>>> print(open('protein_23.pdb').read())   # PDB, C-alpha atoms
ATOM      1  CA  LEU V 104     -12.644 -18.646   7.799
ATOM      2  CA  ARG V 105     -14.541 -21.339   5.869
ATOM      3  CA  LEU V 106     -17.915 -19.817   6.794
ATOM      4  CA  CYS V 107     -17.133 -16.295   5.616
ATOM      5  CA  ILE V 108     -14.685 -16.954   2.805
ATOM      6  CA  ALA V 109     -16.788 -15.606  -0.065
ATOM      7  CA  LYS V 110     -19.614 -13.703   1.581
ATOM      8  CA  ARG V 111     -18.024 -11.451   4.196
ATOM      9  CA  VAL V 112     -14.653 -10.176   3.017
ATOM     10  CA  ASN V 113     -14.008  -8.084   6.126
ATOM     11  CA  LEU V 114     -14.516 -11.115   8.373
ATOM     12  CA  ARG V 115     -12.577 -13.317   5.965
ATOM     13  CA  ASP V 116      -9.520 -11.076   6.164
ATOM     14  CA  THR V 117      -9.639 -10.981   9.961
ATOM     15  CA  ALA V 118     -10.042 -14.765  10.175
ATOM     16  CA  LEU V 119      -7.270 -15.255   7.614
ATOM     17  CA  ARG V 120      -4.837 -13.102   9.603
ATOM     18  CA  LYS V 121      -5.664 -15.150  12.722
ATOM     19  CA  VAL V 122      -5.160 -18.467  10.911
ATOM     20  CA  CYS V 123      -1.809 -17.299   9.501
ATOM     21  CA  ALA V 124      -0.683 -16.085  12.931
ATOM     22  CA  ASP V 125      -1.635 -19.473  14.389
ATOM     23  CA  ILE V 126       0.263 -21.310  11.630
ATOM     24  CA  ASP V 127       3.324 -19.163  12.330
ATOM     25  CA  GLY V 128       3.146 -20.356  15.933
ATOM     26  CA  SER V 129       2.714 -24.020  15.078
ATOM     27  CA  PHE V 130       1.426 -25.803  11.987
ATOM     28  CA  ARG V 131      -1.110 -28.336  13.265
ATOM     29  CA  ASP V 132      -3.522 -30.921  11.860
ATOM     30  CA  CYS V 133      -6.397 -28.413  11.901
ATOM     31  CA  HIS V 134      -4.394 -26.176   9.564
ATOM     32  CA  ARG V 135      -3.661 -29.094   7.268
ATOM     33  CA  GLU V 136      -7.385 -29.946   7.243
ATOM     34  CA  LEU V 137      -8.259 -26.338   6.421
ATOM     35  CA  LEU V 138      -5.835 -26.397   3.508
ATOM     36  CA  VAL V 139      -7.261 -29.675   2.188
ATOM     37  CA  ASN V 140     -10.785 -28.303   2.556
ATOM     38  CA  LEU V 141     -10.005 -25.101   0.676
ATOM     39  CA  LEU V 142      -8.359 -27.044  -2.126
ATOM     40  CA  SER V 143     -11.304 -29.437  -2.423
ATOM     41  CA  VAL V 144     -14.105 -26.822  -2.398
ATOM     42  CA  PHE V 145     -12.348 -24.586  -4.914
ATOM     43  CA  ALA V 146     -13.828 -26.347  -7.938
ATOM     44  CA  LEU V 147     -17.314 -26.357  -6.413
ATOM     45  CA  THR V 148     -17.666 -22.600  -6.067
ATOM     46  CA  ASP V 149     -18.520 -19.779  -8.444
ATOM     47  CA  SER V 150     -15.913 -17.379  -9.851
ATOM     48  CA  ARG V 151     -16.220 -14.976  -6.912
ATOM     49  CA  GLY V 152     -15.718 -17.844  -4.474
ATOM     50  CA  ARG V 153     -12.734 -19.131  -6.444
ATOM     51  CA  GLN V 154     -11.102 -15.704  -6.310
ATOM     52  CA  SER V 155     -11.621 -15.523  -2.565
ATOM     53  CA  ILE V 156     -10.353 -19.065  -1.966
ATOM     54  CA  GLY V 157      -7.380 -18.386  -4.263
ATOM     55  CA  TYR V 158      -6.538 -15.294  -2.224
ATOM     56  CA  CYS V 159      -6.735 -17.283   1.017
ATOM     57  CA  LEU V 160      -4.634 -20.123  -0.366
ATOM     58  CA  SER V 161      -1.916 -17.800  -1.638
ATOM     59  CA  THR V 162      -1.826 -15.982   1.706
ATOM     60  CA  ILE V 163      -1.719 -19.221   3.701
ATOM     61  CA  ALA V 164       0.979 -20.620   1.383
ATOM     62  CA  ASP V 165       3.355 -17.958   2.705
ATOM     63  CA  HIS V 166       3.035 -19.393   6.221
ATOM     64  CA  VAL V 167       2.870 -23.188   5.834
ATOM     65  CA  PRO V 168       5.795 -25.647   5.709
ATOM     66  CA  ASP V 169       7.494 -26.294   2.352
ATOM     67  CA  ALA V 170       5.606 -29.509   1.523
ATOM     68  CA  GLU V 171       2.220 -27.836   1.913
ATOM     69  CA  ARG V 172       3.449 -24.752   0.060
ATOM     70  CA  ARG V 173       4.419 -26.987  -2.879
ATOM     71  CA  THR V 174       0.947 -28.580  -2.775
ATOM     72  CA  VAL V 175      -0.675 -25.151  -3.117
ATOM     73  CA  GLN V 176       1.755 -24.135  -5.869
ATOM     74  CA  GLU V 177       1.057 -27.320  -7.800
ATOM     75  CA  PHE V 178      -2.683 -26.749  -7.424
ATOM     76  CA  PHE V 179      -2.313 -23.208  -8.772
ATOM     77  CA  LEU V 180      -0.024 -24.115 -11.665
ATOM     78  CA  LYS V 181      -2.290 -26.925 -12.882
ATOM     79  CA  SER V 182      -5.442 -24.813 -12.825
ATOM     80  CA  LYS V 183      -7.434 -24.226 -15.991
ATOM     81  CA  TYR V 184      -7.968 -20.633 -14.829
ATOM     82  CA  VAL V 185      -5.246 -18.187 -15.862
ATOM     83  CA  GLY V 186      -5.885 -15.968 -12.822
ATOM     84  CA  VAL V 187      -5.204 -18.905 -10.526
ATOM     85  CA  ARG V 188      -2.052 -19.816 -12.434
ATOM     86  CA  LYS V 189      -0.856 -16.213 -12.058
ATOM     87  CA  ARG V 190      -1.149 -16.655  -8.291
ATOM     88  CA  GLY V 191       1.018 -19.745  -8.670
ATOM     89  CA  TYR V 192       3.688 -17.932 -10.666
ATOM     90  CA  LYS V 193       3.811 -15.192  -8.055
ATOM     91  CA  CYS V 194       4.023 -17.732  -5.234
ATOM     92  CA  VAL V 195       6.750 -19.739  -6.967
ATOM     93  CA  SER V 196       8.847 -16.713  -7.864
ATOM     94  CA  ALA V 197       9.087 -15.801  -4.173
ATOM     95  CA  ASP V 198      10.880 -19.092  -3.439
ATOM     96  CA  THR V 199      14.640 -19.334  -3.180
ATOM     97  CA  VAL V 200      14.546 -22.616  -5.091
ATOM     98  CA  VAL V 201      11.764 -22.773  -7.654
ATOM     99  CA  PRO V 202      10.050 -26.063  -8.513
ATOM    100  CA  GLN V 203      11.398 -26.313 -12.055
ATOM    101  CA  GLU V 204       9.399 -29.402 -12.993
ATOM    102  CA  LEU V 205       6.113 -27.744 -12.003
ATOM    103  CA  LEU V 206       7.011 -24.651 -13.999
ATOM    104  CA  ARG V 207       8.167 -26.662 -16.991
ATOM    105  CA  ASN V 208       4.867 -28.583 -17.009
ATOM    106  CA  ALA V 209       2.847 -25.364 -16.725
ATOM    107  CA  TRP V 210       4.863 -23.843 -19.558
ATOM    108  CA  GLU V 211       4.355 -26.845 -21.824
ATOM    109  CA  GLN V 212       0.623 -26.889 -21.156
ATOM    110  CA  PHE V 213      -0.341 -23.194 -21.061
ATOM    111  CA  LYS V 214       2.495 -21.021 -22.470
ATOM    112  CA  ASP V 215       1.567 -18.167 -20.103
ATOM    113  CA  PRO V 216       3.782 -15.050 -20.371
ATOM    114  CA  GLU V 217       4.051 -14.960 -16.568
ATOM    115  CA  CYS V 218       5.400 -18.504 -16.591
ATOM    116  CA  ALA V 219       7.913 -17.602 -19.291
ATOM    117  CA  TRP V 220       9.096 -14.682 -17.174
ATOM    118  CA  VAL V 221       9.657 -16.822 -14.073
ATOM    119  CA  ILE V 222      11.515 -19.334 -16.234
ATOM    120  CA  VAL V 223      13.765 -16.618 -17.669
ATOM    121  CA  LYS V 224      14.569 -15.327 -14.187
ATOM    122  CA  THR V 225      15.230 -18.704 -12.557
ATOM    123  CA  PHE V 226      16.051 -21.489 -15.010
ATOM    124  CA  PRO V 227      19.603 -22.308 -16.106
ATOM    125  CA  PRO V 228      20.890 -20.586 -19.257
ATOM    126  CA  GLU V 229      21.115 -23.970 -21.020
ATOM    127  CA  PHE V 230      17.322 -24.371 -20.820
ATOM    128  CA  LEU V 231      16.791 -20.791 -21.972
ATOM    129  CA  THR V 232      19.109 -21.327 -24.924
ATOM    130  CA  GLN V 233      17.229 -24.427 -26.046
ATOM    131  CA  HIS V 234      13.778 -22.837 -25.672
ATOM    132  CA  ARG V 235      14.563 -19.221 -26.557
ATOM    133  CA  ALA V 236      12.230 -19.008 -29.567
ATOM    134  CA  ALA V 237       9.176 -20.244 -27.665
ATOM    135  CA  LEU V 238       9.965 -18.086 -24.639
ATOM    136  CA  ALA V 239      10.450 -15.003 -26.823
ATOM    137  CA  GLU V 240       7.022 -15.606 -28.403
ATOM    138  CA  ALA V 241       5.433 -15.118 -24.980
ATOM    139  CA  PHE V 242       6.940 -11.652 -24.536
ATOM    140  CA  THR V 243       5.781  -8.273 -25.794
ATOM    141  CA  GLU V 244       8.211  -5.901 -24.054
ATOM    142  CA  GLY V 245      11.779  -5.174 -25.082
ATOM    143  CA  TRP V 246      13.103  -5.459 -21.531
ATOM    144  CA  GLN V 247      11.806  -9.041 -21.395
ATOM    145  CA  PHE V 248      13.702  -9.947 -24.563
ATOM    146  CA  ALA V 249      16.791  -8.225 -23.202
ATOM    147  CA  ARG V 250      16.640 -10.196 -19.947
ATOM    148  CA  LEU V 251      16.210 -13.476 -21.838
ATOM    149  CA  TYR V 252      19.222 -12.829 -24.047
ATOM    150  CA  LEU V 253      21.345 -11.485 -21.205
ATOM    151  CA  ARG V 254      20.830 -14.796 -19.428
ATOM    152  CA  ILE V 255      21.593 -16.736 -22.623
ATOM    153  CA  ALA V 256      24.751 -14.648 -23.164
ATOM    154  CA  GLU V 257      26.135 -16.128 -19.932
ATOM    155  CA  ILE V 258      26.953 -19.282 -21.911
ATOM    156  CA  ARG V 259      26.371 -18.352 -25.575
ATOM    157  CA  PRO V 260      27.253 -14.686 -26.165
ATOM    158  CA  ASN V 261      27.229 -15.258 -29.923
ATOM    159  CA  LEU V 262      23.416 -15.681 -29.805
ATOM    160  CA  LEU V 263      23.039 -12.064 -28.738
ATOM    161  CA  THR V 264      22.892 -11.081 -32.396
ATOM    162  CA  GLU V 265      19.478 -12.805 -32.597
ATOM    163  CA  LEU V 266      18.175 -10.121 -30.266
ATOM    164  CA  ARG V 267      19.012  -7.453 -32.819
ATOM    165  CA  TYR V 268      16.440  -8.936 -35.212
ATOM    166  CA  ILE V 269      13.803  -9.150 -32.466
ATOM    167  CA  ASP V 270      14.278  -5.707 -30.905
ATOM    168  CA  GLU V 271      17.179  -3.434 -31.806
ATOM    169  CA  ILE V 272      16.854  -1.173 -28.766
ATOM    170  CA  SER V 273      16.933  -4.184 -26.447
ATOM    171  CA  TYR V 274      19.975  -5.394 -28.355
ATOM    172  CA  CYS V 275      21.754  -2.098 -27.655
ATOM    173  CA  TYR V 276      20.752  -2.266 -24.004
ATOM    174  CA  ALA V 277      22.026  -5.842 -23.671
ATOM    175  CA  LEU V 278      25.343  -4.887 -25.233
ATOM    176  CA  PHE V 279      25.659  -2.008 -22.776
ATOM    177  CA  LYS V 280      24.861  -4.285 -19.808
ATOM    178  CA  LEU V 281      27.532  -6.703 -20.986
ATOM    179  CA  GLY V 282      30.076  -3.897 -21.276
ATOM    180  CA  LYS V 283      30.316  -4.210 -25.042
ATOM    181  CA  LYS V 284      30.349  -1.353 -27.506
ATOM    182  CA  ILE V 285      28.406  -1.041 -30.679
ATOM    183  CA  ALA V 286      30.106   0.156 -33.840
ATOM    184  CA  LEU V 287      29.199   3.691 -34.881
ATOM    185  CA  LYS V 288      28.027   2.530 -38.304
ATOM    186  CA  GLU V 289      25.755  -0.087 -36.711
ATOM    187  CA  ALA V 290      24.386   2.459 -34.201
ATOM    188  CA  VAL V 291      23.552   4.909 -36.994
ATOM    189  CA  LYS V 292      21.809   2.143 -38.947
ATOM    190  CA  ILE V 293      19.709   1.192 -35.885
ATOM    191  CA  ILE V 294      18.737   4.820 -35.260
ATOM    192  CA  ASP V 295      17.785   5.359 -38.897
ATOM    193  CA  THR V 296      15.436   2.346 -38.989
TER     194      THR V 296
END
>>> encode(input="protein_23.pdb", output="structure tokens")
Amino acid sequence: LRLCIAKRVNLRDTALRKVCADIDGSFRDCHRELLVNLLSVFALTDSRGRQSIGYCLSTIADHVPDAERRTVQEFFLKSKYVGVRKRGYKCVSADTVVPQELLRNAWEQFKDPECAWVIVKTFPPEFLTQHRAALAEAFTEGWQFARLYLRIAEIRPNLLTELRYIDEISYCYALFKLGKKIALKEAVKIIDT
């Protein structure tokens, strides 16, 4: 796998499947060494090599024990490359329990929209309430705003009115999802604007 990682993609994929199958059978020292090696050579390669190593690391992360998976996630989330961090957000969001401290640090440092989305889906409503303005700044789609405020409404339903000033359609959607009705006069006003 190390020999063909960036040059021969067809061989890389075959070797990667074999390594992952072996790890599924039993995670051994040679697998740990491979992981350490991939992490250490990442910074020494060109962009094509980094993409290939990132792909291998994210694939291997799905098969290794939790401690090693967290090592890969931390490596991804601390990267200066947004593409690598996106791999980290995807890897983290697949976990049952997300590493909130890693995500919080990534959010504070990079403010990536993908990080904001994972935070909205997984963090407690109290955190979302406190950081709603910054999180909303990362979003561009109404459904993202709606999801943020639906989570906030779990503990602070009165803040839902803020959503109306951000995106009126998302506000209407959130009200519907919460089983609340909008006044006819308000609905007409929203439609007319």
>>> atom_distance(input="protein_23.pdb", atom1="atom CA of Lys193 of chain V", atom2="atom CA of Phe130 of chain V")
22.8 Å
>>> residues_around(input="protein_23.pdb", residues="Ala164 of chain V", least_positions_apart="4", cutoff="7 Å", atoms="all atoms listed in the file", output="list in words")
Leu160, Arg172 and Val175 of chain V
>>> resolve_selection(input="protein_23.pdb", expression="the PyMOL selection byres ((chain V and resi 163) around 9)", output="PyMOL selection string")
chain V and resi 119+122-123+126+138+158-162+164-167+172
>>> residues_around(input="protein_23.pdb", residues="Gln233 of chain V", least_positions_apart="5", cutoff="10 Å", atoms="only C-alpha atoms", output="list in words")
Pro228, Leu238 and Ile255 of chain V
>>> resolve_selection(input="protein_23.pdb", expression="the PyMOL selection byres ((chain V and resi 198-215) around 12)", output="PyMOL selection string")
chain V and resi 164-165+169-170+172-189+191-197+216-227+230-231+234+237-242
>>> atom_distance(input="protein_23.pdb", atom1="atom CA of Asp295 of chain V", atom2="atom CA of Leu253 of chain V")
24.7 Å
>>> resolve_selection(input="protein_23.pdb", expression="the PyMOL selection byres ((chain V and resi 146) around 12)", output="PyMOL selection string")
chain V and resi 140-145+147-154+156-157+178-179+182-184+187
>>> decode(input="protein_23.pdb", residues="segment 131-152 of chain V", atoms="N, CA and C atoms", output="compact mmCIF listing (two decimals), in the first residue's frame")
# COMPACT_ATOMS: atom_id res chain seq x y z
N ARG V 131 -3.29 -5.31 14.35
CA ARG V 131 -1.96 -5.69 14.85
C ARG V 131 -0.99 -4.52 14.81
N ASP V 132 0.22 -4.76 15.30
CA ASP V 132 1.26 -3.72 15.33
C ASP V 132 1.60 -3.22 13.93
N CYS V 133 1.59 -4.12 12.93
CA CYS V 133 1.92 -3.69 11.57
C CYS V 133 0.89 -2.70 11.05
N HIS V 134 -0.35 -2.83 11.47
CA HIS V 134 -1.39 -1.89 11.06
C HIS V 134 -1.18 -0.54 11.76
N ARG V 135 -0.81 -0.61 13.02
CA ARG V 135 -0.53 0.62 13.76
C ARG V 135 0.65 1.35 13.12
N GLU V 136 1.68 0.60 12.74
CA GLU V 136 2.86 1.19 12.09
C GLU V 136 2.47 1.82 10.74
N LEU V 137 1.62 1.15 10.00
CA LEU V 137 1.16 1.70 8.72
C LEU V 137 0.44 3.03 8.95
N LEU V 138 -0.41 3.07 9.94
CA LEU V 138 -1.15 4.28 10.26
C LEU V 138 -0.20 5.42 10.63
N VAL V 139 0.76 5.13 11.49
CA VAL V 139 1.75 6.13 11.89
C VAL V 139 2.54 6.61 10.69
N ASN V 140 2.91 5.68 9.82
CA ASN V 140 3.67 6.04 8.61
C ASN V 140 2.86 6.96 7.70
N LEU V 141 1.62 6.61 7.46
CA LEU V 141 0.78 7.44 6.59
C LEU V 141 0.60 8.84 7.17
N LEU V 142 0.41 8.92 8.46
CA LEU V 142 0.25 10.22 9.10
C LEU V 142 1.53 11.06 9.01
N SER V 143 2.67 10.40 9.12
CA SER V 143 3.94 11.14 9.11
C SER V 143 4.37 11.57 7.71
N VAL V 144 4.06 10.78 6.68
CA VAL V 144 4.48 11.16 5.32
C VAL V 144 3.50 12.11 4.64
N PHE V 145 2.35 12.31 5.25
CA PHE V 145 1.33 13.18 4.65
C PHE V 145 1.88 14.56 4.31
N ALA V 146 2.55 15.18 5.25
CA ALA V 146 3.05 16.54 5.05
C ALA V 146 4.21 16.61 4.06
N LEU V 147 4.82 15.48 3.77
CA LEU V 147 5.99 15.46 2.89
C LEU V 147 5.64 15.25 1.43
N THR V 148 4.38 15.05 1.13
CA THR V 148 3.99 14.73 -0.25
C THR V 148 3.32 15.93 -0.92
N ASP V 149 3.19 15.81 -2.24
CA ASP V 149 2.51 16.86 -3.01
C ASP V 149 0.99 16.74 -2.83
N SER V 150 0.25 17.63 -3.47
CA SER V 150 -1.21 17.66 -3.25
C SER V 150 -1.88 16.37 -3.71
N ARG V 151 -1.40 15.79 -4.81
CA ARG V 151 -1.97 14.52 -5.28
C ARG V 151 -1.72 13.41 -4.26
N GLY V 152 -0.51 13.39 -3.72
CA GLY V 152 -0.18 12.38 -2.70
C GLY V 152 -0.99 12.57 -1.44
